[in-house]
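The file entry-v3.cif comes next; it holds mmCIF, C-alpha atoms.
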```
data_coords
#
loop_
_atom_site.group_PDB
_atom_site.id
_atom_site.type_symbol
_atom_site.label_atom_id
_atom_site.label_comp_id
_atom_site.auth_asym_id
_atom_site.auth_seq_id
_atom_site.Cartn_x
_atom_site.Cartn_y
_atom_site.Cartn_z
ATOM 1 C CA MET M 6 -9.831 16.689 -76.374
ATOM 2 C CA THR M 7 -10.377 12.963 -75.984
ATOM 3 C CA ASP M 8 -8.046 10.000 -76.081
ATOM 4 C CA ALA M 9 -9.774 8.788 -79.227
ATOM 5 C CA THR M 10 -8.378 11.849 -80.988
ATOM 6 C CA VAL M 11 -4.882 10.391 -80.976
ATOM 7 C CA SER M 12 -5.640 6.721 -80.527
ATOM 8 C CA GLU M 13 -7.246 5.601 -83.756
ATOM 9 C CA PRO M 14 -7.805 1.851 -84.272
ATOM 10 C CA GLY M 15 -4.764 0.051 -85.604
ATOM 11 C CA HIS M 16 -2.249 2.670 -84.572
ATOM 12 C CA ARG M 17 -1.311 1.048 -81.287
ATOM 13 C CA LEU M 18 -2.503 -1.372 -78.646
ATOM 14 C CA LYS M 19 -3.991 0.399 -75.645
ATOM 15 C CA PRO M 20 -2.358 -0.792 -72.417
ATOM 16 C CA LEU M 21 -5.089 0.741 -70.231
ATOM 17 C CA SER M 22 -8.435 -0.800 -69.470
ATOM 18 C CA PRO M 23 -11.479 1.512 -69.470
ATOM 19 C CA ALA M 24 -11.614 1.290 -65.677
ATOM 20 C CA MET M 25 -7.962 2.303 -65.326
ATOM 21 C CA LEU M 26 -8.470 5.178 -67.753
ATOM 22 C CA ARG M 27 -11.480 6.446 -65.786
ATOM 23 C CA GLU M 28 -9.531 6.255 -62.529
ATOM 24 C CA LEU M 29 -6.508 8.120 -63.899
ATOM 25 C CA SER M 30 -8.667 10.736 -65.638
ATOM 26 C CA VAL M 31 -10.237 12.055 -62.427
ATOM 27 C CA ARG M 32 -9.588 15.793 -62.228
ATOM 28 C CA SER M 33 -9.056 17.674 -58.997
ATOM 29 C CA ASN M 34 -9.752 21.285 -58.104
ATOM 30 C CA LEU M 35 -7.551 20.876 -55.024
ATOM 31 C CA ARG M 36 -4.517 19.590 -56.920
ATOM 32 C CA GLY M 37 -4.971 22.221 -59.607
ATOM 33 C CA ALA M 38 -5.236 24.970 -57.007
ATOM 34 C CA ALA M 39 -2.163 23.744 -55.138
ATOM 35 C CA LYS M 40 -0.094 23.684 -58.319
ATOM 36 C CA SER M 41 -1.359 27.036 -59.602
ATOM 37 C CA LEU M 42 -1.069 28.890 -56.293
ATOM 38 C CA SER M 43 2.424 27.568 -55.627
ATOM 39 C CA HIS M 44 3.584 28.460 -59.141
ATOM 40 C CA TYR M 45 2.106 31.950 -59.045
ATOM 41 C CA GLY M 46 3.164 32.401 -55.429
ATOM 42 C CA LEU M 47 6.802 31.817 -56.350
ATOM 43 C CA ILE M 48 6.490 34.282 -59.229
ATOM 44 C CA VAL M 49 5.153 36.971 -56.887
ATOM 45 C CA LEU M 50 7.887 36.244 -54.331
ATOM 46 C CA LEU M 51 10.707 36.302 -56.884
ATOM 47 C CA GLY M 52 9.221 39.373 -58.534
ATOM 48 C CA ALA M 53 9.273 41.234 -55.217
ATOM 49 C CA LEU M 54 12.899 40.211 -54.662
ATOM 50 C CA VAL M 55 13.873 41.281 -58.181
ATOM 51 C CA TRP M 56 12.271 44.680 -57.663
ATOM 52 C CA LYS M 57 13.815 45.166 -54.232
ATOM 53 C CA VAL M 58 17.335 44.225 -55.351
ATOM 54 C CA SER M 59 17.188 46.177 -58.613
ATOM 55 C CA SER M 60 15.856 49.256 -56.816
ATOM 56 C CA ALA M 61 18.429 49.092 -54.015
ATOM 57 C CA TRP M 62 21.592 47.947 -55.805
ATOM 58 C CA GLY M 63 20.898 48.107 -59.527
ATOM 59 C CA VAL M 64 19.640 45.833 -62.271
ATOM 60 C CA LEU M 65 22.899 43.918 -62.721
ATOM 61 C CA TRP M 66 22.719 42.599 -59.157
ATOM 62 C CA ALA M 67 19.190 41.371 -59.835
ATOM 63 C CA LEU M 68 20.065 39.412 -62.991
ATOM 64 C CA PRO M 69 20.510 36.030 -61.221
ATOM 65 C CA LEU M 70 17.094 36.475 -59.633
ATOM 66 C CA MET M 71 15.684 37.479 -63.019
ATOM 67 C CA ALA M 72 16.944 34.216 -64.493
ATOM 68 C CA VAL M 73 15.055 32.227 -61.842
ATOM 69 C CA GLN M 74 12.014 34.443 -62.312
ATOM 70 C CA GLY M 75 12.305 33.898 -66.042
ATOM 71 C CA TYR M 76 12.158 30.142 -65.608
ATOM 72 C CA LEU M 77 9.036 30.471 -63.498
ATOM 73 C CA VAL M 78 7.301 32.950 -65.795
ATOM 74 C CA ALA M 79 8.154 31.185 -69.057
ATOM 75 C CA PHE M 80 6.938 27.883 -67.643
ATOM 76 C CA LEU M 81 3.507 29.387 -67.120
ATOM 77 C CA PHE M 82 3.205 27.933 -70.597
ATOM 78 C CA MET M 83 2.536 24.671 -68.751
ATOM 79 C CA ALA M 84 -0.362 26.214 -66.868
ATOM 80 C CA LEU M 85 -1.722 27.443 -70.194
ATOM 81 C CA HIS M 86 -1.240 24.001 -71.729
ATOM 82 C CA GLU M 87 -2.948 22.096 -68.918
ATOM 83 C CA THR M 88 -5.869 24.504 -68.717
ATOM 84 C CA ALA M 89 -6.247 24.375 -72.505
ATOM 85 C CA HIS M 90 -6.908 20.660 -72.056
ATOM 86 C CA LYS M 91 -9.307 21.560 -69.216
ATOM 87 C CA THR M 92 -7.532 19.010 -67.019
ATOM 88 C CA ALA M 93 -5.841 21.326 -64.497
ATOM 89 C CA PHE M 94 -9.139 21.529 -62.553
ATOM 90 C CA ARG M 95 -12.417 19.676 -62.475
ATOM 91 C CA SER M 96 -14.157 23.035 -62.824
ATOM 92 C CA ARG M 97 -14.192 24.568 -66.293
ATOM 93 C CA GLY M 98 -14.391 28.010 -64.719
ATOM 94 C CA LEU M 99 -11.200 27.439 -62.710
ATOM 95 C CA ASN M 100 -9.416 26.203 -65.827
ATOM 96 C CA LEU M 101 -10.306 29.464 -67.544
ATOM 97 C CA ALA M 102 -9.472 31.555 -64.464
ATOM 98 C CA VAL M 103 -5.906 30.215 -64.508
ATOM 99 C CA GLY M 104 -5.591 29.761 -68.263
ATOM 100 C CA TYR M 105 -6.428 33.291 -69.344
ATOM 101 C CA PRO M 106 -3.916 35.154 -67.136
ATOM 102 C CA SER M 107 -1.210 32.562 -67.818
ATOM 103 C CA ALA M 108 -1.723 33.035 -71.549
ATOM 104 C CA PHE M 109 -1.660 36.825 -71.213
ATOM 105 C CA ILE M 110 1.563 36.807 -69.203
ATOM 106 C CA ILE M 111 3.454 34.741 -71.776
ATOM 107 C CA GLY M 112 1.968 36.501 -74.799
ATOM 108 C CA GLN M 113 0.057 33.501 -76.169
ATOM 109 C CA PRO M 114 -3.682 34.206 -76.623
ATOM 110 C CA TYR M 115 -5.661 31.495 -74.850
ATOM 111 C CA GLU M 116 -8.440 30.758 -77.345
ATOM 112 C CA TYR M 117 -5.986 30.784 -80.229
ATOM 113 C CA TYR M 118 -3.671 28.394 -78.406
ATOM 114 C CA CYS M 119 -6.489 25.952 -77.621
ATOM 115 C CA LEU M 120 -7.259 25.583 -81.323
ATOM 116 C CA PHE M 121 -3.579 25.482 -82.294
ATOM 117 C CA HIS M 122 -2.927 22.771 -79.728
ATOM 118 C CA TRP M 123 -5.992 20.767 -80.713
ATOM 119 C CA ASP M 124 -4.582 20.345 -84.220
ATOM 120 C CA HIS M 125 -1.134 19.586 -82.815
ATOM 121 C CA HIS M 126 -2.636 16.591 -81.008
ATOM 122 C CA ARG M 127 -4.668 15.516 -84.007
ATOM 123 C CA TYR M 128 -1.740 15.715 -86.433
ATOM 124 C CA THR M 129 1.371 15.258 -84.300
ATOM 125 C CA GLN M 130 4.519 15.072 -86.470
ATOM 126 C CA ASP M 131 2.568 15.446 -89.724
ATOM 127 C CA PRO M 132 4.665 18.052 -91.583
ATOM 128 C CA ASP M 133 1.677 19.253 -93.582
ATOM 129 C CA LYS M 134 -0.871 19.510 -90.749
ATOM 130 C CA ASP M 135 0.865 19.777 -87.355
ATOM 131 C CA PRO M 136 0.838 23.516 -86.529
ATOM 132 C CA GLU M 137 4.019 23.178 -84.482
ATOM 133 C CA LEU M 138 5.868 21.956 -87.569
ATOM 134 C CA ILE M 139 4.212 24.438 -89.921
ATOM 135 C CA VAL M 140 5.166 27.501 -87.874
ATOM 136 C CA GLY M 141 8.371 25.992 -86.487
ATOM 137 C CA VAL M 142 11.665 27.724 -87.138
ATOM 138 C CA LYS M 143 13.665 26.000 -89.886
ATOM 139 C CA PRO M 144 17.267 27.099 -89.265
ATOM 140 C CA THR M 145 19.779 27.002 -92.120
ATOM 141 C CA SER M 146 22.863 27.893 -90.052
ATOM 142 C CA ASP M 147 24.201 27.423 -86.543
ATOM 143 C CA THR M 148 23.465 31.094 -85.836
ATOM 144 C CA GLN M 149 19.824 30.641 -86.775
ATOM 145 C CA LEU M 150 19.714 27.432 -84.764
ATOM 146 C CA ALA M 151 21.040 29.256 -81.690
ATOM 147 C CA LEU M 152 18.380 31.950 -82.166
ATOM 148 C CA ALA M 153 15.731 29.227 -82.426
ATOM 149 C CA TYR M 154 16.898 27.698 -79.146
ATOM 150 C CA SER M 155 16.754 31.122 -77.487
ATOM 151 C CA GLY M 156 12.985 31.121 -78.084
ATOM 152 C CA LEU M 157 12.991 34.800 -79.013
ATOM 153 C CA LEU M 158 12.061 34.159 -82.645
ATOM 154 C CA GLN M 159 9.030 32.161 -81.551
ATOM 155 C CA VAL M 160 7.858 34.906 -79.175
ATOM 156 C CA ALA M 161 8.306 37.544 -81.864
ATOM 157 C CA GLY M 162 6.433 35.380 -84.354
ATOM 158 C CA ARG M 163 3.393 34.802 -82.180
ATOM 159 C CA LEU M 164 3.203 38.476 -81.151
ATOM 160 C CA LYS M 165 3.411 39.471 -84.825
ATOM 161 C CA LEU M 166 0.613 37.039 -85.644
ATOM 162 C CA MET M 167 -1.522 38.325 -82.775
ATOM 163 C CA LEU M 168 -1.040 41.945 -83.866
ATOM 164 C CA GLY M 169 -1.847 40.961 -87.435
ATOM 165 C CA HIS M 170 -5.141 39.460 -86.267
ATOM 166 C CA ALA M 171 -5.888 42.564 -84.203
ATOM 167 C CA VAL M 172 -5.069 45.115 -86.918
ATOM 168 C CA THR M 173 -6.368 43.390 -90.044
ATOM 169 C CA GLY M 174 -9.292 41.534 -88.504
ATOM 170 C CA LYS M 175 -8.352 38.555 -90.659
ATOM 171 C CA VAL M 176 -7.360 35.025 -89.613
ATOM 172 C CA THR M 177 -6.028 32.759 -92.347
ATOM 173 C CA VAL M 178 -4.090 30.023 -90.544
ATOM 174 C CA PRO M 179 -5.653 26.623 -91.332
ATOM 175 C CA TRP M 180 -6.030 25.428 -87.721
ATOM 176 C CA ILE M 181 -8.564 28.170 -86.933
ATOM 177 C CA PRO M 182 -11.997 27.184 -88.306
ATOM 178 C CA GLU M 183 -14.159 29.816 -89.922
ATOM 179 C CA SER M 184 -16.617 29.737 -87.024
ATOM 180 C CA LYS M 185 -13.870 30.724 -84.542
ATOM 181 C CA ARG M 186 -12.121 33.467 -86.492
ATOM 182 C CA ALA M 187 -14.165 36.342 -85.097
ATOM 183 C CA THR M 188 -13.375 35.099 -81.572
ATOM 184 C CA ILE M 189 -9.654 35.034 -82.356
ATOM 185 C CA VAL M 190 -9.770 38.588 -83.710
ATOM 186 C CA ARG M 191 -11.620 39.872 -80.626
ATOM 187 C CA GLU M 192 -9.168 38.083 -78.375
ATOM 188 C CA ALA M 193 -6.168 39.531 -80.213
ATOM 189 C CA ARG M 194 -7.597 43.045 -79.945
ATOM 190 C CA ALA M 195 -8.260 42.598 -76.227
ATOM 191 C CA TYR M 196 -4.670 41.415 -75.653
ATOM 192 C CA ALA M 197 -3.195 44.225 -77.720
ATOM 193 C CA GLY M 198 -5.325 46.783 -75.902
ATOM 194 C CA LEU M 199 -4.319 45.486 -72.465
ATOM 195 C CA TYR M 200 -0.631 45.411 -73.384
ATOM 196 C CA ALA M 201 -0.899 48.989 -74.676
ATOM 197 C CA LEU M 202 -2.634 50.058 -71.462
ATOM 198 C CA LEU M 203 0.108 48.519 -69.297
ATOM 199 C CA LEU M 204 2.756 50.236 -71.400
ATOM 200 C CA ALA M 205 0.960 53.578 -71.094
ATOM 201 C CA LEU M 206 0.636 53.194 -67.314
ATOM 202 C CA SER M 207 4.311 52.291 -66.992
ATOM 203 C CA LEU M 208 5.282 55.390 -68.948
ATOM 204 C CA TRP M 209 2.835 57.575 -67.041
ATOM 205 C CA PHE M 210 4.286 56.519 -63.702
ATOM 206 C CA SER M 211 7.853 56.322 -65.061
ATOM 207 C CA SER M 212 8.007 52.813 -63.645
ATOM 208 C CA ALA M 213 10.268 49.982 -64.804
ATOM 209 C CA LEU M 214 8.508 47.488 -62.518
ATOM 210 C CA LEU M 215 6.926 45.417 -65.280
ATOM 211 C CA LEU M 216 10.111 45.523 -67.338
ATOM 212 C CA TRP M 217 12.306 43.971 -64.643
ATOM 213 C CA VAL M 218 9.861 41.578 -62.970
ATOM 214 C CA TRP M 219 7.989 40.410 -66.094
ATOM 215 C CA ILE M 220 9.240 41.339 -69.579
ATOM 216 C CA VAL M 221 12.990 40.810 -69.206
ATOM 217 C CA PRO M 222 12.566 37.610 -67.131
ATOM 218 C CA LEU M 223 10.097 36.281 -69.711
ATOM 219 C CA MET M 224 12.661 36.815 -72.463
ATOM 220 C CA ILE M 225 15.401 35.165 -70.404
ATOM 221 C CA GLY M 226 13.085 32.286 -69.580
ATOM 222 C CA GLN M 227 12.596 31.414 -73.251
ATOM 223 C CA SER M 228 16.132 30.019 -73.333
ATOM 224 C CA PHE M 229 14.985 27.441 -70.747
ATOM 225 C CA LEU M 230 11.555 26.776 -72.224
ATOM 226 C CA ARG M 231 12.463 26.344 -75.886
ATOM 227 C CA PRO M 232 15.000 23.489 -75.445
ATOM 228 C CA TYR M 233 12.434 21.798 -73.204
ATOM 229 C CA LEU M 234 9.764 22.099 -75.917
ATOM 230 C CA TYR M 235 12.105 20.856 -78.630
ATOM 231 C CA ALA M 236 12.672 17.724 -76.563
ATOM 232 C CA GLU M 237 9.004 16.752 -76.845
ATOM 233 C CA HIS M 238 9.006 15.633 -80.489
ATOM 234 C CA THR M 239 12.247 16.546 -82.268
ATOM 235 C CA GLY M 240 13.800 13.506 -83.903
ATOM 236 C CA CYS M 241 10.836 11.265 -83.126
ATOM 237 C CA ASP M 242 9.041 9.173 -85.744
ATOM 238 C CA ARG M 243 6.462 10.651 -88.070
ATOM 239 C CA THR M 244 3.761 8.136 -87.306
ATOM 240 C CA ARG M 245 0.327 8.289 -85.696
ATOM 241 C CA SER M 246 1.428 6.432 -82.571
ATOM 242 C CA ALA M 247 2.045 8.636 -79.551
ATOM 243 C CA PHE M 248 4.492 5.988 -78.336
ATOM 244 C CA GLN M 249 6.632 6.642 -81.413
ATOM 245 C CA ASN M 250 6.091 10.295 -82.360
ATOM 246 C CA THR M 251 6.717 11.769 -78.900
ATOM 247 C CA ARG M 252 9.511 11.673 -76.323
ATOM 248 C CA THR M 253 9.294 11.247 -72.568
ATOM 249 C CA THR M 254 12.292 12.797 -70.811
ATOM 250 C CA TYR M 255 13.345 11.370 -67.469
ATOM 251 C CA THR M 256 14.488 14.249 -65.308
ATOM 252 C CA SER M 257 14.602 15.617 -61.775
ATOM 253 C CA ALA M 258 11.589 16.200 -59.557
ATOM 254 C CA ILE M 259 12.108 19.970 -59.626
ATOM 255 C CA VAL M 260 11.978 20.113 -63.430
ATOM 256 C CA LYS M 261 8.839 17.985 -63.430
ATOM 257 C CA TRP M 262 7.338 20.378 -60.883
ATOM 258 C CA PHE M 263 8.036 23.467 -63.011
ATOM 259 C CA ALA M 264 6.736 21.670 -66.094
ATOM 260 C CA TRP M 265 3.539 20.335 -64.512
ATOM 261 C CA ASN M 266 4.720 16.743 -65.165
ATOM 262 C CA MET M 267 4.810 17.316 -68.931
ATOM 263 C CA PRO M 268 8.232 15.635 -69.272
ATOM 264 C CA TYR M 269 5.934 12.586 -69.264
ATOM 265 C CA HIS M 270 5.002 13.666 -72.749
ATOM 266 C CA VAL M 271 4.397 10.331 -74.415
ATOM 267 C CA GLU M 272 1.933 9.599 -71.661
ATOM 268 C CA HIS M 273 0.209 12.940 -72.185
ATOM 269 C CA HIS M 274 -0.099 12.511 -75.948
ATOM 270 C CA ALA M 275 -1.334 8.944 -75.657
ATOM 271 C CA TYR M 276 -3.964 9.888 -73.063
ATOM 272 C CA PRO M 277 -4.612 13.657 -73.143
ATOM 273 C CA SER M 278 -7.645 13.344 -70.866
ATOM 274 C CA ILE M 279 -5.415 12.324 -67.950
ATOM 275 C CA PRO M 280 -4.482 15.323 -65.756
ATOM 276 C CA PHE M 281 -0.935 16.364 -64.908
ATOM 277 C CA HIS M 282 -0.951 14.905 -61.390
ATOM 278 C CA ALA M 283 -1.736 11.361 -62.639
ATOM 279 C CA LEU M 284 0.996 11.204 -65.288
ATOM 280 C CA PRO M 285 3.670 9.691 -62.988
ATOM 281 C CA LYS M 286 1.319 6.805 -62.199
ATOM 282 C CA LEU M 287 0.503 6.420 -65.891
ATOM 283 C CA ASN M 288 4.230 6.278 -66.626
ATOM 284 C CA GLU M 289 4.581 3.271 -64.318
ATOM 285 C CA ILE M 290 1.999 1.471 -66.439
ATOM 286 C CA VAL M 291 3.182 2.336 -69.969
ATOM 287 C CA ASP M 292 6.911 2.928 -69.461
ATOM 288 C CA GLY M 293 7.928 -0.244 -71.276
ATOM 289 C CA LYS M 294 6.098 0.826 -74.439
ATOM 290 C CA ILE M 295 7.900 4.185 -74.818
ATOM 291 C CA VAL M 296 10.273 4.290 -77.789
ATOM 292 C CA HIS M 297 11.960 7.695 -77.426
ATOM 293 C CA ARG M 298 13.366 8.178 -73.927
ATOM 294 C CA GLY M 299 15.305 11.309 -73.025
ATOM 295 C CA ARG M 300 17.846 11.068 -70.219
ATOM 296 C CA GLY M 301 17.805 14.559 -68.759
ATOM 297 C CA TYR M 302 17.390 17.826 -70.631
ATOM 298 C CA ILE M 303 21.072 18.633 -71.084
ATOM 299 C CA ARG M 304 21.710 15.360 -72.887
ATOM 300 C CA THR M 305 18.420 15.506 -74.782
ATOM 301 C CA THR M 306 19.111 19.076 -75.912
ATOM 302 C CA ARG M 307 22.452 17.970 -77.342
ATOM 303 C CA GLU M 308 20.591 15.249 -79.219
ATOM 304 C CA THR M 309 17.894 17.559 -80.594
ATOM 305 C CA TRP M 310 20.525 20.155 -81.595
ATOM 306 C CA ALA M 311 22.433 17.443 -83.487
ATOM 307 C CA TRP M 312 19.193 16.297 -85.147
ATOM 308 C CA PHE M 313 18.479 19.819 -86.419
ATOM 309 C CA ARG M 314 22.018 20.090 -87.801
ATOM 310 C CA ARG M 315 21.768 16.728 -89.584
ATOM 311 C CA HIS M 316 18.350 17.631 -90.925
ATOM 312 C CA ARG M 317 19.690 20.933 -92.234
ATOM 313 C CA GLN M 318 22.653 19.240 -93.913
ATOM 314 C CA ILE M 319 20.473 16.564 -95.509
ATOM 315 C CA GLY M 320 17.971 19.195 -96.694
#
```
Let's see the structure in the file written out as structure tokens.
Amino acid sequence: MTDATVSEPGHRLKPLSPAMLRELSVRSNLRGAAKSLSHYGLIVLLGALVWKVSSAWGVLWALPLMAVQGYLVAFLFMALHETAHKTAFRSRGLNLAVGYPSAFIIGQPYEYYCLFHWDHHRYTQDPDKDPELIVGVKPTSDTQLALAYSGLLQVAGRLKLMLGHAVTGKVTVPWIPESKRATIVREARAYAGLYALLLALSLWFSSALLLWVWIVPLMIGQSFLRPYLYAEHTGCDRTRSAFQNTRTTYTSAIVKWFAWNMPYHVEHHAYPSIPFHALPKLNEIVDGKIVHRGRGYIRTTRETWAWFRRHRQIG
């Protein structure tokens, strides 16, 4: 995915020189490894604590730890996202080595997501072509809106789609080209088979380990991830300019850490070849050109919620 994909002539004035772009686009195996190992390391640590507490004192006592674990597990979406761009590491093999397990853990097939996300960058905010808008939940009531913000509908939808690919062997969504459809079917069948195997092993050993350290936290974590994702584009302009159709949200260092610096989302969409670790520096260069600026995720979530309600009422 190149910068030219979203930076067609006439859509905006590039503030970066070619030399600056080359410098910022340097990828690093070391930085990617540090981010990945720390993220996964925390998941393993929290998972062990969840299992220890739930085994010793019961599941209810482990719920606060599960919420933290859920945040960590759900935000593996960011590892998937960065490795889909092949910018987490300089090495393609390392990108795949982190991308595939991250995708499996959050229930989002890797190859499918790469193609889905490619079209999202090509057609950001185009209601007829942006896959995120095509498959996005369109709530007609506050109850449906609350369910959308829980993220559970989105998880159910992508698992249903994956199982449909696996069972029927057919792929009809427009962002998957004909040449890739067999790959998507094979991938879906591999995921479904591995999930079934893990379920069978859990039942065989009468173990709730995966339920309490993975599945339940992942579901809890969607309520953190989905509002974050809605902040990226909701209420932004439907133009071709990344500086107008995307929002950068200014937030704490810890949130940026969990999210692999993707709160700098205008920067990412304007220059998708630039890796996560260089986005803060890029922000210093292009900050003045950003139109939609979120001030923390609590405030921005209130704004996106209000936008959905207005949109529903107008529609």
Residues selected by the PyMOL selection byres ((chain M and resi 226-240) around 9), written as a ChimeraX atom specification: /M:71-80,82,129-130,153-157,159-160,221-225,241-243,250-254,267-268,270-271,297,299,302-303,305-306,308-310,312-313
Counting all atoms listed in the file, the residue of M:Trp265, M:Trp180, M:Leu287, M:Arg314 that sits nearest M:Ile139: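 Residue with the minimum atom-to-atom distance to M:Ile139: M:Trp180.
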Would you work out the distance separating atom CA of M:Leu204 from atom CA of M:Lys185, expressed in Å to one decimal?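 Taking atom CA of M:Leu204 as the start and atom CA of M:Lys185 as the end point, the length is 28.8 Å.
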May I have the residues within 7 Å of stretch 29-45 of chain M as an MDAnalysis selection string, using all atoms listed in the file and disregarding those fewer than 3 positions away in the same chain? chainID M and resid 25:26 48:49 92:96 278:280 283
Would you mind listing what lies within 8 Å of stretch 186-188 of chain M as a ChimeraX atom specification, with only C-alpha atoms counted and same-chain residues fewer than 3 positions away left out? /M:116,174-176,181-183,191-192
Atom CA of M:Leu120 to atom CA of M:Glu28: how many Å, to one decimal?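 So the answer is 27.1 Å.
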Would you place a box with edges along x, y and z of the file around all atoms of stretch 98-106 of chain M listed there, add 8 Å to each of its six sides, and report the centre and edge lengths in Å to one decimal, as lines of an AutoDock Vina configuration file?
```
center_x = -9.2
center_y = 30.7
center_z = -66.0
size_x = 26.5
size_y = 25.0
size_z = 22.6
```
In Å to one decimal, how far is atom CA of M:Ala311 from atom CA of M:Thr148?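 Separating atom CA of M:Thr148 from atom CA of M:Ala311 is a distance of 13.9 Å.
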Could you list, as a count of residues only, every residue matched by the PyMOL selection byres ((chain M and resi 88) around 10) in this structure? 26
Could you list, as a VMD selection string, every residue within 10 Å of M:Arg163, counting all atoms listed in the file and ignoring same-chain residues fewer than 3 positions away? chain M and resid 112 to 114 140 158 to 160 166 to 169
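When all atoms listed in the file are used to compute distances to M:Pro69, the closest of the residues M:Ser212, M:Trp217, M:Thr244, M:Asp292 turns out to be M:Trp217.
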Check the smallest atom-to-atom distance from each of M:Val260, M:Arg127, M:Leu54, M:Leu65 to M:Ser246 using all atoms listed in the file, then report the winner. M:Arg127
Applying 9 Å and only C-alpha atoms, which residues near M:Pro20 remain after dropping the ones on its own chain fewer than 2 positions away? List them as a ChimeraX atom specification. /M:18,22,290-291,294
